[in-house]
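Single-structure report; data block below.
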Amino acid sequence: MDAVQNHSTSRAVSMRKPISPRKLVRYFLLYLLAVALILFAVIPALWVVSASLNPAKSLIGGTFFPAEPSFVNYEELLSSEFFPYAKWFVNSLKIASITTVITVFLTSLAGYALSRFRFQGRRVLMLAILVLNVFPSILAMVAIFSMLQQLGTVIEWIGLDTHAALILLYSTGSMGINVLLVKAYVDSIPVELDESALVDGATPWQTFRHIVFPIMTPIVITIGVLTFIAAYGDFVIARVLLKSSENLTVMVGLQLFQTDRFDQDFGVITAGAVLAAIPIILIYIPLQKYVIDGLTAGSVKG
């Protein structure tokens, strides 16, 4: 028996074709390109972290790896009297979190309704969502600014320089494509589950809440993560709408900080960038599997 196994193993090894020089060159170039792309992405991030730990106050001071790393830049950033970084950081977290909750709730309901219910104007509504997503939202900034300026004279808490206006814009602006993603995912869930629940006496809301929504976990997490990152990292809309220092987000605040004190406090600016990146890293890395599953599940299962 052992002789037969050894003979079959040696025969399988002998049948393997040697890798041609052309394939070796191709593999070498692919790995070389992969390493170059990884270094291109990692080195700037490491450089920012290194600069934040460097006591030098200028762009060219010190080395890539500081000889005596310290957290003096972080201490100066958090204790600064001129730039309330902690306030900006909390503002960004608040705006992004509320936007994420509203977007996930509304898009889940809208996507489920478009997938399961048949009503007049359904196709027109989906077509309108597709058409509106073609145009970048930046084209409407002038109209949005004027509208919020006039609306603020009537409803003060939703006018310019308010977080409520920013949350409203982020929530409505991200609903279009997210609704279509949810609809595609719900389409892949068997309708028989809904029918069984209705036969058992469940209402459409109970069916959605207890049966369909738990199955939608990957796409819900995907929308939540992408919405949080987009709202947290936005600069253009926040820069246009927010004016007072105490209402700024961390991205706008860092830009103003960088404009005023780039030469003197480069280490402090990089420390602010590192702290600003922590929430995105803590959210995306543990949930990246769900993000990938959510973006691909609808197309694969449908």
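Identifiers for the structure tokens are assigned positionally: chains receive A, B, ... in sequence, residues are indexed from 1 per chain, and ligands are indexed from 1 in the order shown.
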
Exercise: range 176-186 of chain A partners within 9 Å, only C-alpha atoms, chain neighbours under 5 positions left out, as a PyMOL selection string: chain A and resi 103-104+106-116+126+129-130+132-133+212+215-216+219-220+223+294-295+297-299+301-302

Only C-alpha atoms, please: the residues just picked out, written as a tab-separated table (two decimals), in the first residue's frame.
chain	number	residue	atom	x	y	z
A	103	THR	CA	-29.63	57.31	7.80
A	104	VAL	CA	-29.67	53.64	8.83
A	106	LEU	CA	-34.69	55.70	7.14
A	107	THR	CA	-32.81	53.77	4.45
A	108	SER	CA	-33.75	50.44	6.02
A	109	LEU	CA	-37.45	51.32	5.94
A	110	ALA	CA	-37.29	52.84	2.44
A	111	GLY	CA	-35.31	49.95	0.98
A	112	TYR	CA	-37.68	47.39	2.50
A	113	ALA	CA	-40.72	49.27	1.18
A	114	LEU	CA	-39.32	49.52	-2.36
A	115	SER	CA	-38.45	45.83	-2.35
A	116	ARG	CA	-41.59	44.32	-0.84
A	126	MET	CA	-36.31	54.56	-8.10
A	129	ILE	CA	-33.03	58.30	-7.07
A	130	LEU	CA	-30.69	57.04	-9.80
A	132	LEU	CA	-30.21	62.46	-8.65
A	133	ASN	CA	-27.15	60.41	-7.73
A	212	VAL	CA	-36.20	40.84	7.83
A	215	ILE	CA	-31.14	39.24	8.28
A	216	MET	CA	-30.13	42.67	6.95
A	219	ILE	CA	-25.98	45.82	4.72
A	220	VAL	CA	-27.08	47.80	7.79
A	223	ILE	CA	-24.40	51.70	5.47
A	294	GLY	CA	-22.89	43.95	2.63
A	295	LEU	CA	-21.60	45.45	-0.62
A	297	ALA	CA	-24.26	40.05	-0.91
A	298	GLY	CA	-27.06	41.72	-2.88
A	299	SER	CA	-25.40	41.12	-6.24
A	301	LYS	CA	-27.61	36.33	-3.85
A	302	GLY	CA	-29.91	38.08	-6.28

Helix (DSSP H, G or I) positions in range 27-226 of chain A, given as an MDAnalysis selection string: chainID A and resid 27:52 72:78 85:116 122:134 137:152 156:158 163:173 175:187 191:199 204:215 217:226

Would you output that residue set with C-alpha atoms, as a compact mmCIF listing (two decimals), in the first residue's frame?
# COMPACT_ATOMS: atom_id res chain seq x y z
CA TYR A 27 4.59 37.28 -10.65
CA PHE A 28 7.67 39.32 -9.75
CA LEU A 29 6.20 42.48 -11.29
CA LEU A 30 2.84 41.91 -9.57
CA TYR A 31 4.44 41.44 -6.16
CA LEU A 32 6.67 44.44 -6.78
CA LEU A 33 3.64 46.56 -7.65
CA ALA A 34 1.79 45.32 -4.55
CA VAL A 35 4.74 46.18 -2.29
CA ALA A 36 5.04 49.63 -3.90
CA LEU A 37 1.33 50.35 -3.36
CA ILE A 38 1.52 49.18 0.26
CA LEU A 39 4.53 51.39 0.93
CA PHE A 40 2.82 54.29 -0.83
CA ALA A 41 -0.13 53.94 1.57
CA VAL A 42 1.74 53.09 4.78
CA ILE A 43 4.75 55.44 4.70
CA PRO A 44 2.75 58.72 4.82
CA ALA A 45 0.71 57.40 7.75
CA LEU A 46 3.85 56.32 9.62
CA TRP A 47 5.45 59.66 8.85
CA VAL A 48 2.48 61.55 10.35
CA VAL A 49 2.56 59.40 13.49
CA SER A 50 6.33 59.87 13.78
CA ALA A 51 6.00 63.64 13.34
CA SER A 52 3.34 63.78 16.05
CA VAL A 72 4.28 66.90 24.19
CA ASN A 73 2.48 67.71 20.93
CA TYR A 74 -0.66 65.92 22.12
CA GLU A 75 -0.54 67.69 25.47
CA GLU A 76 -0.17 71.07 23.77
CA LEU A 77 -2.99 70.28 21.36
CA LEU A 78 -5.49 69.35 24.07
CA TYR A 85 -9.63 70.71 19.63
CA ALA A 86 -11.53 68.58 22.15
CA LYS A 87 -14.72 70.53 21.38
CA TRP A 88 -14.24 70.02 17.65
CA PHE A 89 -13.62 66.32 18.18
CA VAL A 90 -16.83 65.91 20.19
CA ASN A 91 -18.78 67.90 17.58
CA SER A 92 -17.62 65.57 14.81
CA LEU A 93 -18.51 62.46 16.79
CA LYS A 94 -21.94 63.84 17.65
CA ILE A 95 -22.78 64.89 14.09
CA ALA A 96 -21.52 61.64 12.56
CA SER A 97 -23.27 59.43 15.12
CA ILE A 98 -26.68 61.12 14.83
CA THR A 99 -26.40 61.15 11.04
CA THR A 100 -25.59 57.43 11.03
CA VAL A 101 -28.58 56.52 13.20
CA ILE A 102 -31.02 58.58 11.10
CA THR A 103 -29.63 57.31 7.80
CA VAL A 104 -29.67 53.64 8.83
CA PHE A 105 -33.23 53.88 10.15
CA LEU A 106 -34.69 55.70 7.14
CA THR A 107 -32.81 53.77 4.45
CA SER A 108 -33.75 50.44 6.02
CA LEU A 109 -37.45 51.32 5.94
CA ALA A 110 -37.29 52.84 2.44
CA GLY A 111 -35.31 49.95 0.98
CA TYR A 112 -37.68 47.39 2.50
CA ALA A 113 -40.72 49.27 1.18
CA LEU A 114 -39.32 49.52 -2.36
CA SER A 115 -38.45 45.83 -2.35
CA ARG A 116 -41.59 44.32 -0.84
CA ARG A 122 -42.51 53.09 -7.38
CA ARG A 123 -40.50 52.83 -10.60
CA VAL A 124 -40.49 56.60 -11.07
CA LEU A 125 -39.17 57.02 -7.53
CA MET A 126 -36.31 54.56 -8.10
CA LEU A 127 -35.47 56.23 -11.41
CA ALA A 128 -35.44 59.63 -9.71
CA ILE A 129 -33.03 58.30 -7.07
CA LEU A 130 -30.69 57.04 -9.80
CA VAL A 131 -30.82 60.31 -11.73
CA LEU A 132 -30.21 62.46 -8.65
CA ASN A 133 -27.15 60.41 -7.73
CA VAL A 134 -25.57 61.27 -11.07
CA SER A 137 -24.07 67.39 -4.30
CA ILE A 138 -21.53 70.22 -4.49
CA LEU A 139 -23.54 71.67 -7.39
CA ALA A 140 -26.36 72.52 -4.99
CA MET A 141 -24.19 74.25 -2.37
CA VAL A 142 -25.23 77.76 -3.37
CA ALA A 143 -28.92 76.86 -3.25
CA ILE A 144 -28.48 74.99 0.06
CA PHE A 145 -26.66 77.94 1.60
CA SER A 146 -29.35 80.39 0.52
CA MET A 147 -32.16 78.09 1.66
CA LEU A 148 -30.65 77.54 5.12
CA GLN A 149 -29.94 81.24 5.47
CA GLN A 150 -33.60 82.07 4.91
CA LEU A 151 -34.83 79.09 6.93
CA GLY A 152 -32.72 80.17 9.89
CA GLU A 156 -33.21 79.34 14.25
CA TRP A 157 -31.94 75.91 15.31
CA ILE A 158 -31.87 74.61 11.73
CA HIS A 163 -25.30 71.15 13.75
CA ALA A 164 -28.95 70.30 13.03
CA ALA A 165 -28.67 71.72 9.51
CA LEU A 166 -25.47 69.75 8.91
CA ILE A 167 -27.05 66.51 10.17
CA LEU A 168 -30.09 67.09 7.96
CA LEU A 169 -27.92 67.59 4.87
CA TYR A 170 -25.74 64.56 5.58
CA SER A 171 -28.75 62.32 6.25
CA THR A 172 -30.70 63.30 3.14
CA GLY A 173 -27.62 63.42 0.92
CA MET A 175 -29.98 58.24 1.43
CA GLY A 176 -30.16 57.85 -2.35
CA ILE A 177 -27.56 55.20 -3.10
CA ASN A 178 -28.02 53.61 0.33
CA VAL A 179 -31.73 53.01 -0.32
CA LEU A 180 -30.85 51.19 -3.52
CA LEU A 181 -28.25 49.09 -1.70
CA VAL A 182 -30.81 48.07 0.92
CA LYS A 183 -33.40 47.29 -1.74
CA ALA A 184 -30.94 45.05 -3.61
CA TYR A 185 -30.14 43.21 -0.40
CA VAL A 186 -33.79 42.77 0.62
CA ASP A 187 -34.54 41.44 -2.87
CA VAL A 191 -40.36 36.50 0.13
CA GLU A 192 -41.65 33.29 1.70
CA LEU A 193 -40.37 34.51 5.07
CA ASP A 194 -42.67 37.53 4.89
CA GLU A 195 -45.59 35.42 3.73
CA SER A 196 -45.11 32.95 6.59
CA ALA A 197 -45.07 35.78 9.10
CA LEU A 198 -48.23 37.31 7.63
CA VAL A 199 -49.99 33.92 7.79
CA PRO A 204 -45.76 44.35 8.07
CA TRP A 205 -43.90 46.29 10.77
CA GLN A 206 -43.47 43.18 12.93
CA THR A 207 -42.30 41.22 9.89
CA PHE A 208 -39.71 43.87 9.12
CA ARG A 209 -38.55 44.30 12.71
CA HIS A 210 -38.35 40.67 13.86
CA ILE A 211 -37.62 38.74 10.65
CA VAL A 212 -36.20 40.84 7.83
CA PHE A 213 -34.17 43.42 9.75
CA PRO A 214 -32.01 40.84 11.62
CA ILE A 215 -31.14 39.24 8.28
CA THR A 217 -27.28 43.00 9.45
CA PRO A 218 -24.43 43.07 6.86
CA ILE A 219 -25.98 45.82 4.72
CA VAL A 220 -27.08 47.80 7.79
CA ILE A 221 -23.55 47.74 9.19
CA THR A 222 -22.17 48.65 5.77
CA ILE A 223 -24.40 51.70 5.47
CA GLY A 224 -23.66 52.70 9.06
CA VAL A 225 -19.89 52.51 8.63
CA LEU A 226 -19.82 54.32 5.28

CA of Ser245 in chain A to CA of Ala277 in chain A, distance in Å rounded to a single decimal: 20.7 Å

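Here CA of Pro286 in chain A stands at a distance of 24.6 Å from CA of Thr270 in chain A.
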
For range 80-82 of chain A: contacts at 12 Å, only C-alpha atoms, fewer than 6 positions along chain excluded, given as a list in words: Val72, Asn73, Tyr74, Ser245, Glu246, Gly253, Leu256, Phe257, Asp260, Arg261, Asp265, Val268, Ile269 and Gly272 of chain A
